[in-house]
file query_21.txt (compact mmCIF, C-alpha atoms)
# COMPACT_ATOMS: atom_id res chain seq x y z
CA MET A 2 199.52 -115.72 -20.03
CA ILE A 3 197.95 -119.16 -20.15
CA PHE A 4 198.24 -119.66 -16.40
CA GLU A 5 198.40 -117.46 -13.35
CA LYS A 6 201.88 -118.15 -11.94
CA THR A 7 201.47 -119.21 -8.33
CA TRP A 8 203.79 -120.57 -5.63
CA ARG A 9 203.23 -122.79 -2.61
CA TRP A 10 204.14 -120.74 0.45
CA PHE A 11 204.02 -122.05 4.00
CA GLY A 12 203.01 -118.91 5.83
CA LYS A 13 204.72 -116.15 7.73
CA ASN A 14 207.40 -118.47 9.09
CA ASP A 15 208.43 -119.63 5.61
CA SER A 16 212.07 -118.71 4.98
CA ILE A 17 211.01 -117.72 1.44
CA THR A 18 209.33 -114.34 1.75
CA LEU A 19 206.52 -112.84 -0.28
CA SER A 20 208.93 -110.11 -1.32
CA ASP A 21 211.25 -112.79 -2.72
CA LEU A 22 208.37 -114.24 -4.71
CA ARG A 23 207.33 -110.93 -6.26
CA GLN A 24 210.90 -110.47 -7.49
CA ILE A 25 210.85 -113.74 -9.44
CA GLY A 26 207.52 -113.16 -11.17
CA VAL A 27 205.07 -114.97 -8.91
CA GLU A 28 201.53 -113.57 -9.19
CA GLY A 29 199.49 -115.63 -6.74
CA ILE A 30 200.03 -117.54 -3.52
CA VAL A 31 199.05 -121.12 -2.73
CA THR A 32 198.85 -121.61 1.02
CA ALA A 33 196.71 -122.72 3.95
CA LEU A 34 196.02 -121.99 7.60
CA HIS A 35 198.66 -124.50 8.65
CA HIS A 36 198.33 -123.69 12.34
CA ILE A 37 194.70 -124.86 12.55
CA PRO A 38 194.40 -128.58 13.41
CA ASN A 39 192.67 -130.81 10.88
CA GLY A 40 188.92 -130.83 11.27
CA GLU A 41 188.59 -127.47 13.00
CA VAL A 42 186.75 -124.57 11.40
CA TRP A 43 188.69 -121.91 9.54
CA SER A 44 187.18 -118.70 10.88
CA GLY A 45 186.47 -115.72 8.67
CA LYS A 46 188.86 -113.64 10.76
CA SER A 47 191.76 -116.09 10.35
CA ILE A 48 191.16 -116.29 6.61
CA ASN A 49 190.93 -112.54 6.16
CA ASP A 50 194.00 -111.86 8.30
CA LEU A 51 196.17 -114.05 6.07
CA LYS A 52 194.52 -112.78 2.90
CA CYS A 53 195.25 -109.16 3.86
CA TYR A 54 198.84 -110.02 4.75
CA ILE A 55 199.35 -111.54 1.29
CA GLU A 56 197.62 -108.67 -0.48
CA ASN A 57 199.66 -106.08 1.40
CA SER A 58 202.70 -107.67 -0.25
CA GLY A 59 201.24 -107.04 -3.70
CA LEU A 60 200.12 -110.64 -4.29
CA ARG A 61 196.83 -112.51 -4.02
CA TRP A 62 195.75 -115.66 -2.22
CA SER A 63 194.88 -117.69 -5.30
CA VAL A 64 194.53 -121.26 -4.02
CA VAL A 65 194.06 -123.02 -0.70
CA GLU A 66 196.31 -126.06 -0.55
CA SER A 67 195.07 -127.77 1.38
CA LEU A 68 191.85 -127.64 3.33
CA PRO A 69 192.53 -131.12 4.72
CA VAL A 70 189.87 -133.83 4.74
CA SER A 71 190.02 -135.43 8.17
CA GLU A 72 190.83 -139.12 8.33
CA SER A 73 187.49 -139.94 9.94
CA ILE A 74 185.68 -138.61 6.85
CA LYS A 75 187.71 -140.93 4.66
CA TYR A 76 187.02 -144.10 6.65
CA ALA A 77 183.48 -143.01 7.66
CA GLY A 78 184.07 -142.70 11.38
CA ARG A 79 181.33 -141.88 13.84
CA ASN A 80 182.13 -138.16 13.86
CA ARG A 81 182.39 -137.72 10.09
CA ASN A 82 179.14 -135.73 9.82
CA GLN A 83 180.33 -133.15 12.33
CA LEU A 84 183.68 -132.93 10.56
CA ILE A 85 181.90 -132.44 7.23
CA GLU A 86 179.81 -129.66 8.81
CA ASN A 87 183.03 -127.98 9.92
CA TYR A 88 184.42 -128.35 6.41
CA LYS A 89 181.32 -126.71 4.96
CA VAL A 90 181.66 -123.72 7.29
CA SER A 91 185.32 -123.32 6.31
CA LEU A 92 184.39 -123.47 2.61
CA ALA A 93 181.71 -120.84 3.11
CA ASN A 94 184.13 -118.57 4.98
CA LEU A 95 186.70 -118.91 2.19
CA GLY A 96 184.09 -118.06 -0.43
CA LYS A 97 182.93 -115.01 1.51
CA ALA A 98 186.54 -113.83 1.67
CA GLY A 99 186.97 -114.24 -2.08
CA VAL A 100 189.33 -117.24 -1.95
CA ARG A 101 187.73 -119.45 -4.55
CA THR A 102 189.99 -122.40 -5.38
CA VAL A 103 190.49 -125.18 -2.82
CA CYS A 104 192.81 -128.12 -3.45
CA TYR A 105 192.48 -131.25 -1.28
CA ASN A 106 193.10 -134.97 -1.50
CA PHE A 107 191.38 -138.17 -0.43
CA MET A 108 194.46 -140.35 0.10
CA PRO A 109 193.96 -142.54 3.19
CA VAL A 110 196.51 -142.26 6.04
CA ILE A 111 199.43 -141.06 3.95
CA ASP A 112 199.90 -138.29 1.42
CA TRP A 113 202.62 -138.28 -1.23
CA ILE A 114 205.40 -140.84 -0.73
CA ARG A 115 209.13 -140.80 -1.43
CA THR A 116 211.86 -142.99 0.04
CA ASP A 117 214.64 -140.43 -0.58
CA LEU A 118 214.24 -136.71 -0.01
CA ALA A 119 217.61 -135.75 -1.47
CA ARG A 120 218.91 -138.37 -3.92
CA LYS A 121 222.01 -137.00 -5.66
CA GLN A 122 221.67 -136.69 -9.42
CA ASP A 123 224.36 -136.82 -12.10
CA ASN A 124 224.37 -133.03 -12.45
CA GLY A 125 225.07 -132.49 -8.74
CA THR A 126 221.55 -131.49 -7.70
CA TYR A 127 219.44 -133.46 -5.20
CA SER A 128 215.90 -134.65 -5.96
CA LEU A 129 213.03 -136.53 -4.42
CA TYR A 130 213.14 -140.22 -5.35
CA PHE A 131 210.92 -143.29 -4.97
CA ASP A 132 212.96 -146.49 -4.59
CA LEU A 133 210.62 -149.47 -4.95
CA VAL A 134 212.91 -151.95 -3.17
CA ARG A 135 213.49 -149.65 -0.19
CA PHE A 136 209.78 -148.92 -0.04
CA ALA A 137 208.99 -152.65 -0.01
CA TYR A 138 211.64 -153.20 2.66
CA PHE A 139 209.98 -150.53 4.81
CA ASP A 140 206.56 -152.12 4.31
CA ILE A 141 207.68 -155.70 5.03
CA HIS A 142 210.44 -155.32 7.61
CA ILE A 143 209.77 -152.03 9.43
CA LEU A 144 205.98 -151.77 9.37
CA LYS A 145 205.76 -155.59 9.38
CA ARG A 146 202.40 -155.33 7.64
CA VAL A 147 200.62 -158.69 7.49
CA LYS A 148 200.88 -160.30 4.03
CA ALA A 149 202.77 -157.27 2.67
CA ASP A 150 205.00 -159.55 0.61
CA ARG A 151 202.00 -160.45 -1.59
CA ASP A 152 202.04 -156.92 -3.03
CA TYR A 153 205.48 -157.25 -4.63
CA SER A 154 206.98 -159.31 -7.44
CA SER A 155 209.36 -162.18 -6.76
CA GLU A 156 212.16 -160.12 -8.31
CA THR A 157 211.48 -157.22 -5.92
CA LEU A 158 211.25 -159.57 -2.95
CA GLU A 159 214.61 -161.08 -3.80
CA LYS A 160 216.15 -157.59 -3.79
CA VAL A 161 214.40 -156.80 -0.50
CA HIS A 162 215.87 -159.94 1.03
CA HIS A 163 219.34 -158.83 -0.05
CA LEU A 164 218.79 -155.31 1.26
CA ALA A 165 217.76 -156.73 4.63
CA THR A 166 221.23 -158.25 4.99
CA ILE A 167 223.12 -155.00 4.40
CA ILE A 168 220.90 -152.08 5.46
CA SER A 169 222.20 -150.04 8.39
CA THR A 170 220.29 -148.79 11.43
CA LYS A 171 220.76 -145.23 10.17
CA GLU A 172 219.22 -146.12 6.81
CA LYS A 173 216.23 -147.71 8.54
CA GLU A 174 215.71 -144.56 10.60
CA GLU A 175 215.96 -142.43 7.47
CA LEU A 176 213.25 -144.51 5.77
CA ILE A 177 210.91 -143.91 8.69
CA GLU A 178 211.65 -140.19 8.65
CA ASN A 179 211.34 -139.86 4.89
CA ILE A 180 208.22 -141.93 4.30
CA ILE A 181 205.98 -141.16 7.27
CA VAL A 182 207.38 -138.16 9.14
CA LYS A 183 209.07 -135.43 7.14
CA THR A 184 206.74 -135.49 4.14
CA GLN A 185 203.57 -135.90 6.19
CA GLY A 186 203.68 -133.52 9.14
CA PHE A 187 203.33 -130.34 7.08
CA VAL A 188 200.84 -131.96 4.72
CA ASN A 189 198.20 -133.79 6.74
CA GLY A 190 199.27 -133.64 10.37
CA ASN A 191 198.72 -137.35 11.01
CA ILE A 192 202.33 -137.87 12.11
CA LYS A 193 204.67 -135.10 13.22
CA GLU A 194 208.34 -134.75 13.91
CA GLY A 195 208.92 -135.51 17.56
CA ASP A 196 206.29 -138.25 17.83
CA GLN A 197 207.69 -140.95 20.08
CA ASN A 198 206.86 -143.94 17.91
CA PRO A 199 205.77 -142.90 14.41
CA VAL A 200 205.67 -146.51 13.15
CA ALA A 201 203.22 -147.51 15.89
CA ILE A 202 201.05 -144.47 15.18
CA PHE A 203 201.09 -145.24 11.47
CA ASN A 204 200.10 -148.87 12.03
CA ARG A 205 197.20 -147.79 14.22
CA LEU A 206 195.95 -145.55 11.43
CA LEU A 207 196.14 -148.42 8.95
CA VAL A 208 193.77 -150.45 11.14
CA TYR A 209 190.91 -148.03 10.39
CA TYR A 210 191.06 -149.16 6.75
CA LYS A 211 191.31 -152.90 7.43
CA ASP A 212 187.94 -153.62 5.81
CA ILE A 213 187.81 -150.72 3.35
CA GLY A 214 188.45 -151.49 -0.31
CA LYS A 215 188.39 -149.28 -3.37
CA ASN A 216 184.61 -149.33 -3.80
CA GLN A 217 183.93 -148.40 -0.19
CA LEU A 218 186.48 -145.58 -0.24
CA ARG A 219 184.83 -144.30 -3.41
CA GLU A 220 181.47 -144.29 -1.67
CA ASN A 221 182.94 -142.39 1.27
CA LEU A 222 184.32 -139.78 -1.13
CA LYS A 223 180.96 -139.53 -2.91
CA TYR A 224 179.19 -139.04 0.43
CA PHE A 225 181.59 -136.22 1.31
CA LEU A 226 181.15 -134.54 -2.07
CA GLN A 227 177.36 -134.73 -1.93
CA GLN A 228 177.51 -132.73 1.29
CA VAL A 229 180.13 -130.11 0.41
CA ILE A 230 179.66 -129.37 -3.29
CA PRO A 231 176.33 -127.53 -2.78
CA VAL A 232 178.12 -125.21 -0.34
CA ALA A 233 181.01 -124.74 -2.77
CA GLU A 234 178.52 -123.85 -5.51
CA GLU A 235 176.63 -121.42 -3.27
CA TYR A 236 179.78 -119.50 -2.37
CA GLY A 237 181.52 -119.74 -5.74
CA VAL A 238 184.33 -122.04 -4.59
CA ASN A 239 185.94 -124.56 -6.93
CA LEU A 240 186.99 -127.74 -5.14
CA CYS A 241 189.74 -129.66 -6.95
CA ILE A 242 190.98 -133.05 -5.86
CA HIS A 243 194.68 -133.90 -6.17
CA PRO A 244 195.56 -137.24 -7.80
CA ASP A 245 197.11 -139.91 -5.61
CA ASP A 246 200.89 -139.80 -5.44
CA PRO A 247 202.11 -142.31 -6.41
CA PRO A 248 199.11 -143.35 -8.50
CA PHE A 249 198.87 -146.95 -7.30
CA PRO A 250 197.88 -148.76 -4.07
CA VAL A 251 200.33 -148.60 -1.15
CA PHE A 252 200.46 -150.37 2.23
CA GLY A 253 197.33 -152.33 1.32
CA LEU A 254 195.40 -149.05 1.14
CA PRO A 255 193.13 -148.31 -1.80
CA ARG A 256 193.95 -145.34 -4.01
CA ILE A 257 191.02 -143.96 -5.96
CA ILE A 258 192.35 -141.04 -8.07
CA THR A 259 195.02 -142.80 -10.10
CA ASN A 260 193.98 -143.00 -13.77
CA GLU A 261 191.44 -142.02 -16.41
CA GLU A 262 188.71 -144.35 -15.14
CA ASP A 263 189.11 -143.11 -11.56
CA ILE A 264 188.96 -139.45 -12.53
CA ALA A 265 185.91 -139.98 -14.75
CA TRP A 266 184.15 -141.85 -11.93
CA PHE A 267 184.91 -139.08 -9.45
CA LEU A 268 183.71 -136.27 -11.72
CA ASN A 269 180.53 -138.15 -12.59
CA ALA A 270 179.82 -139.07 -8.96
CA VAL A 271 178.81 -135.45 -8.37
CA ASP A 272 178.52 -133.94 -11.83
CA ASN A 273 178.93 -130.29 -10.96
CA PHE A 274 181.50 -127.83 -12.32
CA HIS A 275 182.57 -126.93 -8.78
CA ASN A 276 183.62 -130.57 -8.30
CA GLY A 277 186.85 -130.55 -10.25
CA LEU A 278 190.42 -131.72 -10.58
CA THR A 279 193.87 -130.52 -9.66
CA PHE A 280 195.74 -131.67 -12.76
CA CYS A 281 199.09 -132.77 -11.31
CA ALA A 282 201.16 -133.90 -14.27
CA GLY A 283 203.85 -135.13 -11.90
CA SER A 284 201.66 -137.48 -9.88
CA LEU A 285 199.93 -138.83 -12.96
CA SER A 286 203.18 -139.30 -14.88
CA ALA A 287 204.59 -141.49 -12.09
CA GLY A 288 202.24 -144.25 -13.27
CA ARG A 289 203.26 -146.04 -16.47
CA HIS A 290 199.59 -146.69 -17.12
CA ASN A 291 198.87 -142.96 -17.60
CA ASP A 292 199.20 -140.97 -20.80
CA VAL A 293 199.39 -137.48 -19.32
CA VAL A 294 198.65 -135.64 -22.55
CA ASN A 295 195.49 -137.65 -23.20
CA LEU A 296 194.36 -137.10 -19.61
CA ALA A 297 194.83 -133.36 -20.05
CA LYS A 298 192.74 -133.43 -23.24
CA LYS A 299 189.98 -135.37 -21.54
CA PHE A 300 189.75 -133.46 -18.26
CA ALA A 301 190.95 -129.92 -18.96
CA SER A 302 187.41 -128.53 -18.86
CA ARG A 303 186.95 -129.75 -15.27
CA THR A 304 190.40 -128.70 -14.07
CA HIS A 305 190.62 -125.78 -11.62
CA PHE A 306 194.31 -125.91 -10.68
CA VAL A 307 197.42 -127.24 -12.42
CA HIS A 308 200.71 -128.61 -11.05
CA LEU A 309 203.30 -128.51 -13.81
CA ARG A 310 205.75 -131.17 -12.72
CA SER A 311 207.23 -134.20 -14.47
CA THR A 312 208.78 -137.52 -13.51
CA ASN A 313 210.91 -140.23 -15.04
CA VAL A 314 209.82 -143.81 -14.34
CA LEU A 315 212.70 -146.26 -14.44
CA PRO A 316 212.51 -149.88 -15.70
CA ASN A 317 212.88 -151.24 -12.13
CA GLY A 318 209.77 -149.40 -10.90
CA ASP A 319 211.61 -146.49 -9.28
CA PHE A 320 210.67 -142.94 -10.23
CA VAL A 321 212.40 -139.59 -9.85
CA GLU A 322 211.45 -135.96 -10.33
CA ALA A 323 212.40 -134.68 -13.79
CA SER A 324 213.08 -131.24 -15.19
CA PRO A 325 209.94 -129.56 -16.57
CA LEU A 326 211.58 -129.88 -19.97
CA GLU A 327 211.89 -133.66 -19.69
CA GLY A 328 210.12 -136.77 -18.44
CA ARG A 329 206.74 -138.39 -18.85
CA GLY A 330 204.80 -135.24 -17.95
CA ASN A 331 205.27 -133.87 -21.49
CA LEU A 332 204.57 -130.41 -20.09
CA LEU A 333 204.86 -128.45 -23.33
CA ARG A 334 201.97 -130.46 -24.78
CA VAL A 335 200.01 -130.12 -21.54
CA ILE A 336 200.45 -126.34 -21.61
CA GLU A 337 199.28 -126.30 -25.23
CA ILE A 338 196.09 -128.16 -24.26
CA PHE A 339 195.31 -125.72 -21.46
CA LYS A 340 195.87 -122.70 -23.72
CA LYS A 341 192.16 -122.07 -24.20
CA TYR A 342 191.46 -122.24 -20.44
CA GLN A 343 193.42 -119.08 -19.67
CA ASN A 344 194.21 -117.76 -16.19
CA LEU A 345 193.94 -121.06 -14.36
CA PRO A 346 196.28 -121.00 -11.34
CA MET A 347 199.42 -123.06 -11.93
CA ARG A 348 202.33 -123.82 -9.67
CA VAL A 349 205.66 -125.56 -10.12
CA ASP A 350 206.34 -128.36 -7.68
CA HIS A 351 209.03 -130.54 -6.11
CA GLY A 352 212.05 -128.56 -7.26
CA PRO A 353 215.56 -129.97 -6.84
CA LEU A 354 218.03 -128.78 -4.23
CA MET A 355 220.75 -126.91 -6.09
CA LEU A 356 223.54 -124.37 -5.68
CA THR A 357 223.35 -122.40 -2.41
CA ASP A 358 220.07 -124.07 -1.42
CA ILE A 359 221.85 -127.35 -0.74
CA GLY A 360 221.91 -127.96 3.01
CA LYS A 361 219.14 -125.48 3.80
CA GLU A 362 216.09 -126.61 5.76
CA TYR A 363 213.15 -126.52 3.36
CA ASN A 364 210.03 -128.65 3.44
CA PRO A 365 210.92 -131.63 1.21
CA GLY A 366 210.51 -130.74 -2.45
CA TYR A 367 209.99 -127.04 -1.77
CA SER A 368 213.39 -125.47 -2.33
CA PHE A 369 213.69 -121.91 -3.60
CA LEU A 370 216.24 -122.00 -6.41
CA GLY A 371 215.06 -125.32 -7.87
CA ARG A 372 211.49 -124.08 -8.09
CA MET A 373 212.60 -120.69 -9.40
CA LYS A 374 214.47 -122.47 -12.21
CA ALA A 375 211.36 -124.54 -12.97
CA LEU A 376 209.19 -121.41 -12.98
CA GLY A 377 211.51 -119.84 -15.53
CA GLU A 378 211.36 -122.93 -17.73
CA ILE A 379 207.57 -123.12 -17.49
CA SER A 380 207.25 -119.39 -18.25
CA GLY A 381 209.35 -119.90 -21.37
CA MET A 382 207.18 -122.80 -22.50
CA MET A 383 204.03 -120.72 -21.95
CA GLU A 384 205.43 -117.95 -24.14
CA ALA A 385 206.37 -120.49 -26.81
CA VAL A 386 202.83 -121.89 -26.80
CA LEU A 387 201.24 -118.45 -26.94
CA HIS A 388 203.39 -117.12 -29.79
CA SER A 389 204.76 -120.05 -31.77
CA ILE A 390 202.55 -123.12 -31.57
CA GLY A 391 199.37 -123.36 -33.60
call {"tool": "encode", "arguments": {"input": "query_21.txt", "output": "structure tokens"}}
result
Amino acid sequence: MIFEKTWRWFGKNDSITLSDLRQIGVEGIVTALHHIPNGEVWSGKSINDLKCYIENSGLRWSVVESLPVSESIKYAGRNRNQLIENYKVSLANLGKAGVRTVCYNFMPVIDWIRTDLARKQDNGTYSLYFDLVRFAYFDIHILKRVKADRDYSSETLEKVHHLATIISTKEKEELIENIIVKTQGFVNGNIKEGDQNPVAIFNRLLVYYKDIGKNQLRENLKYFLQQVIPVAEEYGVNLCIHPDDPPFPVFGLPRIITNEEDIAWFLNAVDNFHNGLTFCAGSLSAGRHNDVVNLAKKFASRTHFVHLRSTNVLPNGDFVEASPLEGRGNLLRVIEIFKKYQNLPMRVDHGPLMLTDIGKEYNPGYSFLGRMKALGEISGMMEAVLHSIG
């Protein structure tokens, strides 16, 4: 096989069991110590307990996703050095336990963004969706971010103005839930379900970045990497940053892993093999400026983890998850490029809600049947590449 087939699993309380995953051909598990608050040390005992639990099910803990980078590290808060020290201890403990691939991101305040968590598609399935006009409405009219309107075209602003005259209270509440609550709580812990005023909390977080532009955020990332990569190298851990999703600035925040120039800068900032990339074809394909196949060619040798996902970008600036067989991700060509880097961990991502999964409570994008279908399609493409192409 070109890739080790892995699956993002959310721990012992996940409704999808490890036994289920073995039955559908999963080989490795992508997970994290989700119960440990951001910034605290992952102890060797906690790591080994989960590792043994996974191994007792006949699988292996292949990738940590994620060992979160605390917000204070990103904006260079007063306690960032202590938080970096904690991160280094966690990395060392993972390496000692034999867990050697760690995915993380450096997106300020907010992780991946969608306005709709279950947009109905023509075939009856439900997918994640980014609606530019609804996103702009949220930014301008719900967050009320100062000068937010400057970030959008006149055409988009005209549509936002119209939306403001017809949008319901329920739709406003759904935007808040979808953008800054449901997709964020299980990812970075900044905002959780049940918080009394998530918009106020979110706005307070934005203040920390008021004077931080792209260059400064880059320097903060470089500072972090200079501290942690020597530890990763010592303990044989490959750190791999996830591209920004979507790959363009949002809410006035800089995004610094969005395109070829960004990735090259990041890899050169600390030019060490253990400082690598999570090649997420889905995130990268959501930017019209990215040629995913060319990016794979350029950065495959520094890639430690692959997300095989694809998107369709619409003429109005919206984007939607696509089947692995379709979209801008061009996954067959990407798989072909990675053929010579065999046994990299790969996972499918952001599967649609379909069939009997519709109505079930999964973390957004992490359905069972939709991802199982994608895993089957990806497995077929891998076999085609191995036996038919070239």
call {"tool": "closest_residue", "arguments": {"input": "query_21.txt", "among": "A:Asn198, A:Ser380, A:Thr102, A:Asn87", "to": "Thr304 in chain A", "atoms": "all atoms listed in the file"}}
result
A:Thr102
call {"tool": "closest_residue", "arguments": {"input": "query_21.txt", "among": "A:Phe139, A:Tyr76, A:Phe4, A:Tyr54", "to": "Val251 in chain A", "atoms": "only C-alpha atoms"}}
result
A:Phe139
call {"tool": "atom_distance", "arguments": {"input": "query_21.txt", "atom1": "CA of Met108 in chain A", "atom2": "CA of Ile74 in chain A"}}
result
11.2 Å
call {"tool": "closest_residue", "arguments": {"input": "query_21.txt", "among": "A:Glu66, A:Asp350, A:Asp263, A:Glu384", "to": "Phe300 in chain A", "atoms": "only C-alpha atoms"}}
result
A:Asp263
call {"tool": "residues_around", "arguments": {"input": "query_21.txt", "residues": "Asp246 in chain A", "least_positions_apart": "2", "cutoff": "7 Å", "atoms": "all atoms listed in the file", "output": "list in words"}}
result
Trp113, Ile114, Pro244, Pro248 and Ser284 of chain A
call {"tool": "closest_residue", "arguments": {"input": "query_21.txt", "among": "A:His388, A:Lys173, A:Arg101, A:His162", "to": "His275 in chain A", "atoms": "all atoms listed in the file"}}
result
A:Arg101
call {"tool": "closest_residue", "arguments": {"input": "query_21.txt", "among": "A:Val307, A:Val293, A:Leu387, A:Met2", "to": "Gly328 in chain A", "atoms": "all atoms listed in the file"}}
result
A:Val293
call {"tool": "decode", "arguments": {"input": "query_21.txt", "residues": "range 2-16 of chain A", "atoms": "C-alpha atoms", "output": "short mmCIF file (atom, residue, chain, number, x, y, z; two decimals), in the first residue's frame"}}
result
data_model
loop_
_atom_site.label_atom_id
_atom_site.label_comp_id
_atom_site.auth_asym_id
_atom_site.auth_seq_id
_atom_site.Cartn_x
_atom_site.Cartn_y
_atom_site.Cartn_z
CA MET A 2 0.00 0.00 0.00
CA ILE A 3 1.10 3.56 -0.67
CA PHE A 4 -0.37 4.85 2.59
CA GLU A 5 -1.16 3.44 5.98
CA LYS A 6 -4.95 3.73 6.20
CA THR A 7 -5.78 5.66 9.35
CA TRP A 8 -8.95 7.12 10.88
CA ARG A 9 -9.60 10.05 13.19
CA TRP A 10 -11.12 8.62 16.37
CA PHE A 11 -12.24 10.72 19.32
CA GLY A 12 -11.44 8.36 22.15
CA LYS A 13 -13.28 5.83 24.24
CA ASN A 14 -16.51 7.82 24.17
CA ASP A 15 -16.59 7.91 20.36
CA SER A 16 -19.73 6.16 19.10
#
